[in-house]
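Have a look at final-v6.txt; it's compact mmCIF, C-alpha atoms:
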# COMPACT_ATOMS: atom_id res chain seq x y z
CA MET A 5 132.00 87.52 -176.62
CA GLU A 6 130.64 90.52 -174.75
CA ILE A 7 126.97 91.47 -175.13
CA SER A 8 125.78 94.70 -173.57
CA ALA A 9 122.52 94.87 -171.68
CA ALA A 10 121.26 97.50 -174.14
CA SER A 11 121.54 95.12 -177.08
CA ALA A 12 120.63 91.99 -175.15
CA SER A 13 116.93 92.05 -175.97
CA LEU A 14 117.74 92.27 -179.68
CA THR A 15 120.20 89.42 -179.74
CA PHE A 16 119.06 87.03 -177.06
CA SER A 17 115.93 85.81 -178.80
CA GLY A 18 118.15 83.97 -181.25
CA LEU A 19 120.95 83.20 -178.80
CA VAL A 20 120.55 79.47 -178.44
CA PRO A 21 119.76 78.62 -182.07
CA ARG A 22 122.74 80.68 -183.24
CA LEU A 23 125.33 80.01 -180.56
CA LEU A 24 124.47 76.64 -179.02
CA PRO A 25 125.39 73.81 -181.38
CA PRO A 26 123.40 70.57 -181.24
CA LEU A 27 124.40 68.80 -178.07
CA VAL A 28 126.42 65.64 -178.50
CA TYR A 29 127.79 63.11 -176.07
CA PRO A 30 131.33 63.87 -174.88
CA GLN A 31 134.06 61.86 -176.57
CA ALA A 32 133.93 58.26 -175.40
CA ARG A 33 136.39 57.37 -172.68
CA SER A 34 138.70 54.43 -173.13
CA ALA A 35 138.53 53.49 -169.46
CA PRO A 36 136.32 54.27 -166.46
CA LEU A 37 137.30 57.19 -164.28
CA LEU A 38 137.51 55.24 -161.05
CA SER A 39 140.98 56.53 -160.23
CA SER A 40 139.88 60.15 -160.69
CA SER A 41 136.61 59.97 -158.81
CA VAL A 42 138.08 61.60 -155.73
CA LYS A 43 138.60 64.75 -157.77
CA LEU A 44 134.85 65.06 -158.25
CA ILE A 45 134.35 65.55 -154.54
CA SER A 46 135.19 68.71 -152.65
CA SER A 47 138.39 68.50 -150.66
CA HIS A 48 136.50 68.43 -147.38
CA ARG A 49 134.81 65.14 -148.28
CA ARG A 50 136.03 62.03 -146.52
CA ILE A 51 137.46 59.18 -148.55
CA ALA A 52 137.67 56.60 -145.77
CA PRO A 53 134.48 54.98 -144.48
CA SER A 54 132.75 57.14 -141.90
CA PRO A 55 130.58 56.39 -138.86
CA CYS A 56 127.62 57.39 -141.01
CA LEU A 57 128.61 54.79 -143.59
CA ALA A 58 128.77 52.16 -140.88
CA ASP A 59 125.15 52.84 -140.00
CA GLN A 60 124.21 52.87 -143.66
CA SER A 61 125.16 49.23 -144.25
CA ALA A 62 122.03 48.06 -142.47
CA SER A 63 119.71 50.61 -144.07
CA THR A 64 120.86 50.12 -147.68
CA GLY A 65 121.74 46.46 -147.74
CA VAL A 66 125.15 47.41 -149.15
CA ASN A 67 128.28 46.62 -147.17
CA VAL A 68 130.14 49.92 -147.19
CA VAL A 69 132.19 49.55 -144.03
CA ASP A 70 134.95 47.28 -145.26
CA SER A 71 135.27 48.76 -148.75
CA ASP A 72 135.97 52.00 -150.53
CA PRO A 73 132.75 54.09 -150.40
CA ILE A 74 133.03 54.87 -154.10
CA ASP A 75 133.21 51.15 -154.87
CA ALA A 76 129.97 50.65 -152.91
CA VAL A 77 128.26 53.33 -154.98
CA LYS A 78 129.49 51.76 -158.21
CA ARG A 79 128.26 48.32 -157.18
CA LYS A 80 124.82 49.71 -156.39
CA ALA A 81 124.80 51.54 -159.73
CA MET A 82 125.61 48.30 -161.55
CA ASP A 83 122.77 46.54 -159.72
CA ILE A 84 120.11 49.02 -160.87
CA SER A 85 121.50 49.80 -164.32
CA PRO A 86 119.50 47.08 -166.13
CA GLN A 87 116.25 48.41 -164.66
CA LEU A 88 117.17 52.02 -165.46
CA LYS A 89 117.48 51.18 -169.18
CA GLY A 90 119.46 54.30 -169.98
CA ALA A 91 116.88 56.75 -168.63
CA SER A 92 118.41 60.15 -167.90
CA ILE A 93 118.49 61.60 -164.40
CA PHE A 94 117.71 65.27 -163.76
CA LEU A 95 118.85 66.77 -160.46
CA VAL A 96 116.83 69.82 -159.46
CA GLY A 97 117.19 72.13 -156.48
CA VAL A 98 119.11 75.31 -155.72
CA ASN A 99 122.52 75.33 -157.34
CA ASN A 100 125.27 74.37 -154.91
CA HIS A 101 128.51 72.40 -154.70
CA ILE A 102 126.77 69.40 -153.12
CA LYS A 103 124.40 68.93 -156.07
CA THR A 104 127.24 69.39 -158.56
CA ASN A 105 129.55 66.88 -156.87
CA LEU A 106 126.71 64.40 -156.51
CA GLY A 107 125.79 64.71 -160.17
CA LYS A 108 129.33 64.01 -161.32
CA LEU A 109 129.67 61.02 -159.01
CA LEU A 110 126.37 59.54 -160.19
CA ALA A 111 127.35 60.01 -163.82
CA GLU A 112 130.64 58.24 -163.29
CA SER A 113 129.11 55.40 -161.28
CA LEU A 114 126.37 54.74 -163.83
CA ARG A 115 128.73 55.28 -166.78
CA TYR A 116 126.53 58.16 -167.87
CA TYR A 117 127.47 61.56 -169.25
CA TYR A 118 127.28 64.68 -167.10
CA PHE A 119 125.86 68.05 -168.13
CA ASP A 120 125.03 71.26 -166.27
CA SER A 121 122.21 73.07 -168.08
CA ASP A 122 123.18 76.50 -166.74
CA ASN A 123 126.78 76.01 -167.88
CA LEU A 124 125.60 75.14 -171.38
CA ILE A 125 123.69 78.42 -171.60
CA ALA A 126 126.66 80.34 -170.19
CA GLU A 127 129.02 78.78 -172.73
CA ALA A 128 126.68 79.72 -175.55
CA ALA A 129 126.37 83.30 -174.32
CA GLY A 130 130.07 83.84 -173.75
CA GLY A 131 130.22 83.59 -169.97
CA ASN A 132 128.22 84.04 -166.79
CA ALA A 133 128.42 87.84 -166.94
CA SER A 134 126.88 87.87 -170.41
CA VAL A 135 124.11 85.50 -169.31
CA GLN A 136 123.26 87.72 -166.35
CA SER A 137 123.06 90.80 -168.58
CA LEU A 138 120.84 88.97 -171.03
CA LYS A 139 118.60 87.62 -168.27
CA GLU A 140 118.08 91.07 -166.82
CA ALA A 141 117.35 92.58 -170.23
CA ASP A 142 114.93 89.95 -171.53
CA GLU A 143 113.87 87.29 -169.04
CA LYS A 144 111.32 85.80 -171.43
CA SER A 145 113.93 85.10 -174.08
CA PHE A 146 116.25 83.73 -171.41
CA MET A 147 113.55 81.25 -170.42
CA GLU A 148 113.22 80.26 -174.07
CA SER A 149 116.92 79.44 -174.10
CA GLU A 150 116.44 77.19 -171.06
CA ILE A 151 113.64 75.38 -172.87
CA GLU A 152 115.86 74.87 -175.91
CA VAL A 153 118.66 73.40 -173.79
CA LEU A 154 116.26 71.06 -171.96
CA LYS A 155 114.71 69.97 -175.24
CA GLN A 156 118.09 68.82 -176.47
CA LEU A 157 119.07 67.19 -173.17
CA SER A 158 115.74 65.41 -172.74
CA SER A 159 116.04 63.92 -176.23
CA MET A 160 119.26 62.17 -175.24
CA GLY A 161 119.71 59.17 -172.97
CA ARG A 162 122.25 58.09 -170.36
CA LEU A 163 122.70 61.57 -168.89
CA VAL A 164 122.94 63.01 -165.41
CA VAL A 165 121.89 66.64 -165.67
CA CYS A 166 122.24 69.28 -162.98
CA ALA A 167 119.29 71.40 -163.99
CA GLY A 168 119.00 75.09 -163.21
CA ASP A 169 115.96 76.58 -161.52
CA GLY A 170 114.46 77.43 -164.90
CA ALA A 171 113.83 73.70 -165.35
CA VAL A 172 111.03 73.78 -162.78
CA GLN A 173 109.59 77.24 -163.41
CA SER A 174 107.47 76.49 -166.46
CA LEU A 175 105.04 73.75 -167.45
CA THR A 176 106.97 73.20 -170.68
CA ASN A 177 110.21 72.46 -168.85
CA LEU A 178 108.48 70.30 -166.25
CA ALA A 179 107.05 68.23 -169.09
CA LEU A 180 110.53 67.82 -170.58
CA LEU A 181 111.80 66.49 -167.25
CA ARG A 182 109.25 63.67 -167.55
CA HIS A 183 111.49 62.19 -170.27
CA GLY A 184 113.76 61.01 -167.44
CA ILE A 185 113.81 60.70 -163.66
CA SER A 186 113.83 63.93 -161.67
CA ILE A 187 115.33 64.09 -158.18
CA TRP A 188 115.10 67.11 -155.90
CA ILE A 189 118.37 67.53 -153.99
CA ASP A 190 117.14 69.44 -150.94
CA VAL A 191 120.07 71.21 -149.29
CA PRO A 192 119.52 73.83 -146.54
CA LEU A 193 120.12 77.31 -147.89
CA GLU A 194 122.56 78.05 -145.07
CA ILE A 195 124.86 75.32 -146.39
CA ALA A 196 124.30 76.01 -150.07
CA ALA A 197 125.16 79.68 -149.50
CA LYS A 198 128.64 78.75 -148.26
CA GLY A 199 129.62 78.01 -151.84
CA ASP A 200 132.81 76.02 -152.35
CA ALA A 201 133.97 76.71 -148.80
CA PRO A 202 131.33 74.78 -146.82
CA PHE A 203 133.22 74.89 -143.53
CA SER A 204 133.44 78.68 -143.48
CA SER A 205 131.93 80.22 -140.38
CA GLU A 206 129.09 82.08 -142.09
CA PRO A 207 127.30 81.77 -145.42
CA SER A 208 127.61 84.60 -147.92
CA PRO A 209 124.70 87.03 -147.23
CA GLU A 210 124.47 87.98 -150.90
CA LEU A 211 124.45 84.37 -152.08
CA PHE A 212 121.99 83.39 -149.36
CA ASP A 213 119.53 86.10 -150.44
CA ALA A 214 119.85 85.09 -154.08
CA LEU A 215 119.33 81.40 -153.29
CA LYS A 216 116.37 82.17 -151.03
CA ALA A 217 114.67 84.17 -153.77
CA SER A 218 115.30 81.41 -156.29
CA TYR A 219 114.07 78.75 -153.85
CA GLU A 220 110.81 80.57 -153.14
CA LYS A 221 110.19 81.01 -156.87
CA SER A 222 110.93 77.37 -157.65
CA ARG A 223 109.50 75.60 -154.58
CA LYS A 224 106.32 74.34 -156.25
CA GLY A 225 108.33 73.03 -159.17
CA TYR A 226 110.66 71.13 -156.86
CA ASP A 227 107.64 69.36 -155.40
CA THR A 228 106.89 67.78 -158.78
CA ALA A 229 110.14 65.79 -158.77
CA ASP A 230 109.86 62.01 -158.78
CA ALA A 231 111.80 61.77 -155.51
CA VAL A 232 113.34 63.99 -152.85
CA ILE A 233 116.77 63.57 -151.32
CA SER A 234 116.91 65.71 -148.20
CA LEU A 235 120.33 66.33 -146.70
CA GLU A 236 118.76 66.88 -143.28
CA ARG A 237 116.79 63.63 -143.35
CA ILE A 238 119.76 61.61 -144.54
CA ALA A 239 122.02 63.08 -141.84
CA THR A 240 119.43 62.13 -139.20
CA LYS A 241 119.00 58.66 -140.64
CA LEU A 242 122.75 58.02 -140.67
CA GLY A 243 123.36 59.52 -137.23
CA CYS A 244 125.42 62.45 -138.49
CA GLU A 245 125.04 65.41 -136.16
CA ASP A 246 126.80 67.73 -138.60
CA LEU A 247 125.03 67.88 -141.97
CA GLU A 248 128.26 68.84 -143.70
CA THR A 249 129.87 65.50 -142.80
CA VAL A 250 127.46 63.61 -145.06
CA THR A 251 129.55 62.56 -148.05
CA SER A 252 128.81 62.53 -151.75
CA GLU A 253 128.98 58.73 -151.61
CA GLU A 254 126.31 58.57 -148.92
CA LEU A 255 124.05 60.88 -150.90
CA ALA A 256 124.66 58.89 -154.08
CA LEU A 257 123.64 55.64 -152.38
CA GLU A 258 120.39 57.25 -151.27
CA VAL A 259 119.71 58.57 -154.77
CA LEU A 260 120.33 55.13 -156.28
CA LYS A 261 117.97 53.57 -153.72
CA GLU A 262 115.23 56.01 -154.72
CA ILE A 263 115.82 55.31 -158.41
CA GLU A 264 115.59 51.59 -157.69
CA LYS A 265 112.22 52.12 -155.98
CA LEU A 266 110.92 54.21 -158.87
CA THR A 267 111.94 51.69 -161.52
CA ARG A 268 110.40 48.86 -159.46
CA VAL A 269 107.09 50.73 -159.17
CA LYS A 270 107.12 51.51 -162.90
CA LYS A 271 107.66 47.85 -163.71
CA MET A 272 104.79 46.81 -161.42
CA MET A 273 102.47 49.36 -163.06
CA GLU A 274 103.43 48.14 -166.54
CA GLU A 275 102.77 44.54 -165.56
CA ALA A 276 99.44 45.46 -163.98
CA SER A 277 98.32 47.22 -167.16
CA ARG A 278 98.90 44.18 -169.36
CA PRO A 279 95.75 42.30 -170.42
CA PHE A 280 95.15 38.92 -168.85

Exercise: express the given structure as structure tokens:
Amino acid sequence: MEISAASASLTFSGLVPRLLPPLVYPQARSAPLLSSSVKLISSHRRIAPSPCLADQSASTGVNVVDSDPIDAVKRKAMDISPQLKGASIFLVGVNNHIKTNLGKLLAESLRYYYFDSDNLIAEAAGGNASVQSLKEADEKSFMESEIEVLKQLSSMGRLVVCAGDGAVQSLTNLALLRHGISIWIDVPLEIAAKGDAPFSSEPSPELFDALKASYEKSRKGYDTADAVISLERIATKLGCEDLETVTSEELALEVLKEIEKLTRVKKMMEEASRPF
């Protein structure tokens, strides 16, 4: 469906209620996707254990040297699943392939469902080009569509959601993120701007400028996340000189560790609030 910029302001105010059906969980899978997990990771990702993984065994308490890295992530996910109690996970931060791959891997490991909030809006509008036209014509109504999508997602459980920048640019959306656990995936703009070809020599100038503008607009919202996963800090911690050699599995283990800490603190606070 094509929507011109001239008519966007007239049609976009009702875009989500008219075009976006109530969100439902994807059809149940008969078996876990363990055999297909490699497909969730960009082709440059390593499948065999890396030197960084060797160092991570001591820091995470998970033996990842003598096993498939994906298996290590799945074991950690199983360990924390009872404490998570089906709470959804919202990944915020500039859109990039690292966040997307991480979200899909986390969803598979936790046996959750994966959604991308920006993709849901694009599907409702008829494609990315239509969304861009609508956003330029009526930004306020576009933000209302983001709220509608987050309302539906936040009312569901057992989700991993890659949230767009609109999720952290309004108090309403930030409140909706409180229905789950929010994690800021902090990836340097220089890497995020390389798109799906992370080992290219230079980032795309156009994409870099767009990401920088989005980052500056959303920075305060990112700071409200429950936890931060910094690619730079993790690379330093694991002894990886090249940030782009940090794998999705290594990032996922760090995310699961942070979630474990958050659920432990929540449990302690609940116990402390009980009357004697």

## Note on the structure
One decimal place gives the atom CA of Thr251 of chain A-atom CA of Gly161 of chain A separation as 27.0 Å

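Atom CA of Gly97 of chain A is positioned 10.0 Å from atom CA of Asp227 of chain A.
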
### Message
Applying 10 Å and only C-alpha atoms, which residues near Arg223 of chain A remain after dropping the ones on its own chain fewer than 3 positions away? List them as a ChimeraX atom specification.
### Response
/A:97-98,169,172-173,218-220,226-228

Output file for the selection above: C-alpha atoms, as a JSON list (two decimals), keeping the file's coordinate frame:
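Ended up saving to out-v3.json:
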[["chain", "number", "residue", "atom", "x", "y", "z"],
["A", 97, "GLY", "CA", 117.19, 72.13, -156.48],
["A", 98, "VAL", "CA", 119.11, 75.31, -155.72],
["A", 169, "ASP", "CA", 115.96, 76.58, -161.52],
["A", 172, "VAL", "CA", 111.03, 73.78, -162.78],
["A", 173, "GLN", "CA", 109.59, 77.24, -163.41],
["A", 218, "SER", "CA", 115.30, 81.41, -156.29],
["A", 219, "TYR", "CA", 114.07, 78.75, -153.85],
["A", 220, "GLU", "CA", 110.81, 80.57, -153.14],
["A", 226, "TYR", "CA", 110.66, 71.13, -156.86],
["A", 227, "ASP", "CA", 107.64, 69.36, -155.40],
["A", 228, "THR", "CA", 106.89, 67.78, -158.78]]

### Message
What does the structure give for the distance between atom CA of Ser174 of chain A and atom CA of Ser121 of chain A, in Å to one decimal?
### Response
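Atom CA of Ser121 of chain A lies at a distance of 15.2 Å from atom CA of Ser174 of chain A.
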
Select, counting only C-alpha atoms, all protein, DNA and RNA residues no farther than 12 Å from (110.9, 53.3, -156.1) in file coordinates, and express the selection as a compact mmCIF listing (two decimals) with C-alpha atoms, keeping the file's coordinate frame.
# COMPACT_ATOMS: atom_id res chain seq x y z
CA ILE A 84 120.11 49.02 -160.87
CA GLN A 87 116.25 48.41 -164.66
CA LEU A 88 117.17 52.02 -165.46
CA ILE A 185 113.81 60.70 -163.66
CA ILE A 187 115.33 64.09 -158.18
CA ASP A 230 109.86 62.01 -158.78
CA ALA A 231 111.80 61.77 -155.51
CA VAL A 232 113.34 63.99 -152.85
CA GLU A 258 120.39 57.25 -151.27
CA VAL A 259 119.71 58.57 -154.77
CA LEU A 260 120.33 55.13 -156.28
CA LYS A 261 117.97 53.57 -153.72
CA GLU A 262 115.23 56.01 -154.72
CA ILE A 263 115.82 55.31 -158.41
CA GLU A 264 115.59 51.59 -157.69
CA LYS A 265 112.22 52.12 -155.98
CA LEU A 266 110.92 54.21 -158.87
CA THR A 267 111.94 51.69 -161.52
CA ARG A 268 110.40 48.86 -159.46
CA VAL A 269 107.09 50.73 -159.17
CA LYS A 270 107.12 51.51 -162.90
CA LYS A 271 107.66 47.85 -163.71
CA MET A 272 104.79 46.81 -161.42
CA MET A 273 102.47 49.36 -163.06

### Top pick for closest residue to Ala179 of chain A, considering A:Ser158, A:Thr249, A:Ser92, A:Ser137 and counting all atoms listed in the file
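Closest candidate: A:Ser158.
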
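Of the residues listed (A:Met82, A:Ile125, A:Ala91, A:Ile195), A:Ala91 shows the shortest atom-to-atom separation from Leu163 of chain A; distances use only C-alpha atoms.
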
### Query
Which of these, A:Asp83, A:Leu193, A:Ala167, A:Leu157, has the shortest distance to Ala217 of chain A once you count only C-alpha atoms?
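Looking only at the distances to Ala217 of chain A, the closest residue turns out to be A:Leu193.
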
Please reconstruct the missing atoms of segment 143-168 of chain A (target: N, CA and C atoms) and return them as a CSV table (one decimal), in the frame of the given file.
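So the final result, stored in result.csv, reads:
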chain,number,residue,atom,x,y,z
A,143,GLU,N,114.0,88.5,-169.8
A,143,GLU,CA,113.9,87.3,-169.0
A,143,GLU,C,113.1,86.3,-169.8
A,144,LYS,N,112.1,86.7,-170.6
A,144,LYS,CA,111.3,85.8,-171.4
A,144,LYS,C,112.2,85.0,-172.4
A,145,SER,N,113.1,85.8,-173.1
A,145,SER,CA,113.9,85.1,-174.1
A,145,SER,C,114.9,84.2,-173.4
A,146,PHE,N,115.3,84.6,-172.2
A,146,PHE,CA,116.2,83.7,-171.4
A,146,PHE,C,115.6,82.4,-171.1
A,147,MET,N,114.3,82.5,-170.7
A,147,MET,CA,113.6,81.2,-170.4
A,147,MET,C,113.4,80.4,-171.7
A,148,GLU,N,113.3,81.0,-172.8
A,148,GLU,CA,113.2,80.3,-174.1
A,148,GLU,C,114.5,79.5,-174.3
A,149,SER,N,115.6,80.1,-173.9
A,149,SER,CA,116.9,79.4,-174.1
A,149,SER,C,117.0,78.2,-173.2
A,150,GLU,N,116.4,78.3,-172.0
A,150,GLU,CA,116.4,77.2,-171.1
A,150,GLU,C,115.6,76.1,-171.6
A,151,ILE,N,114.5,76.4,-172.3
A,151,ILE,CA,113.6,75.4,-172.9
A,151,ILE,C,114.4,74.7,-174.0
A,152,GLU,N,115.1,75.5,-174.8
A,152,GLU,CA,115.9,74.9,-175.9
A,152,GLU,C,116.9,73.9,-175.4
A,153,VAL,N,117.6,74.3,-174.3
A,153,VAL,CA,118.7,73.4,-173.8
A,153,VAL,C,118.0,72.1,-173.2
A,154,LEU,N,116.9,72.2,-172.5
A,154,LEU,CA,116.3,71.1,-172.0
A,154,LEU,C,115.7,70.2,-173.0
A,155,LYS,N,115.2,70.8,-174.1
A,155,LYS,CA,114.7,70.0,-175.2
A,155,LYS,C,115.8,69.0,-175.8
A,156,GLN,N,117.0,69.6,-175.9
A,156,GLN,CA,118.1,68.8,-176.5
A,156,GLN,C,118.5,67.8,-175.5
A,157,LEU,N,118.6,68.2,-174.2
A,157,LEU,CA,119.1,67.2,-173.2
A,157,LEU,C,118.1,66.1,-173.0
A,158,SER,N,116.8,66.4,-173.0
A,158,SER,CA,115.7,65.4,-172.7
A,158,SER,C,115.6,64.4,-173.9
A,159,SER,N,116.1,64.8,-175.1
A,159,SER,CA,116.0,63.9,-176.2
A,159,SER,C,117.2,62.9,-176.2
A,160,MET,N,118.1,63.1,-175.3
A,160,MET,CA,119.3,62.2,-175.2
A,160,MET,C,119.1,61.2,-174.1
A,161,GLY,N,119.8,60.1,-174.1
A,161,GLY,CA,119.7,59.2,-173.0
A,161,GLY,C,121.0,59.1,-172.3
A,162,ARG,N,121.0,58.4,-171.1
A,162,ARG,CA,122.2,58.1,-170.4
A,162,ARG,C,122.9,59.4,-169.9
A,163,LEU,N,122.2,60.3,-169.4
A,163,LEU,CA,122.7,61.6,-168.9
A,163,LEU,C,122.4,61.7,-167.4
A,164,VAL,N,123.3,62.4,-166.7
A,164,VAL,CA,122.9,63.0,-165.4
A,164,VAL,C,123.1,64.5,-165.6
A,165,VAL,N,122.0,65.2,-165.4
A,165,VAL,CA,121.9,66.6,-165.7
A,165,VAL,C,121.6,67.4,-164.4
A,166,CYS,N,122.5,68.3,-164.0
A,166,CYS,CA,122.2,69.3,-163.0
A,166,CYS,C,121.5,70.4,-163.6
A,167,ALA,N,120.2,70.4,-163.3
A,167,ALA,CA,119.3,71.4,-164.0
A,167,ALA,C,119.2,72.7,-163.2
A,168,GLY,N,119.2,73.8,-163.9
A,168,GLY,CA,119.0,75.1,-163.2
A,168,GLY,C,117.6,75.3,-162.8
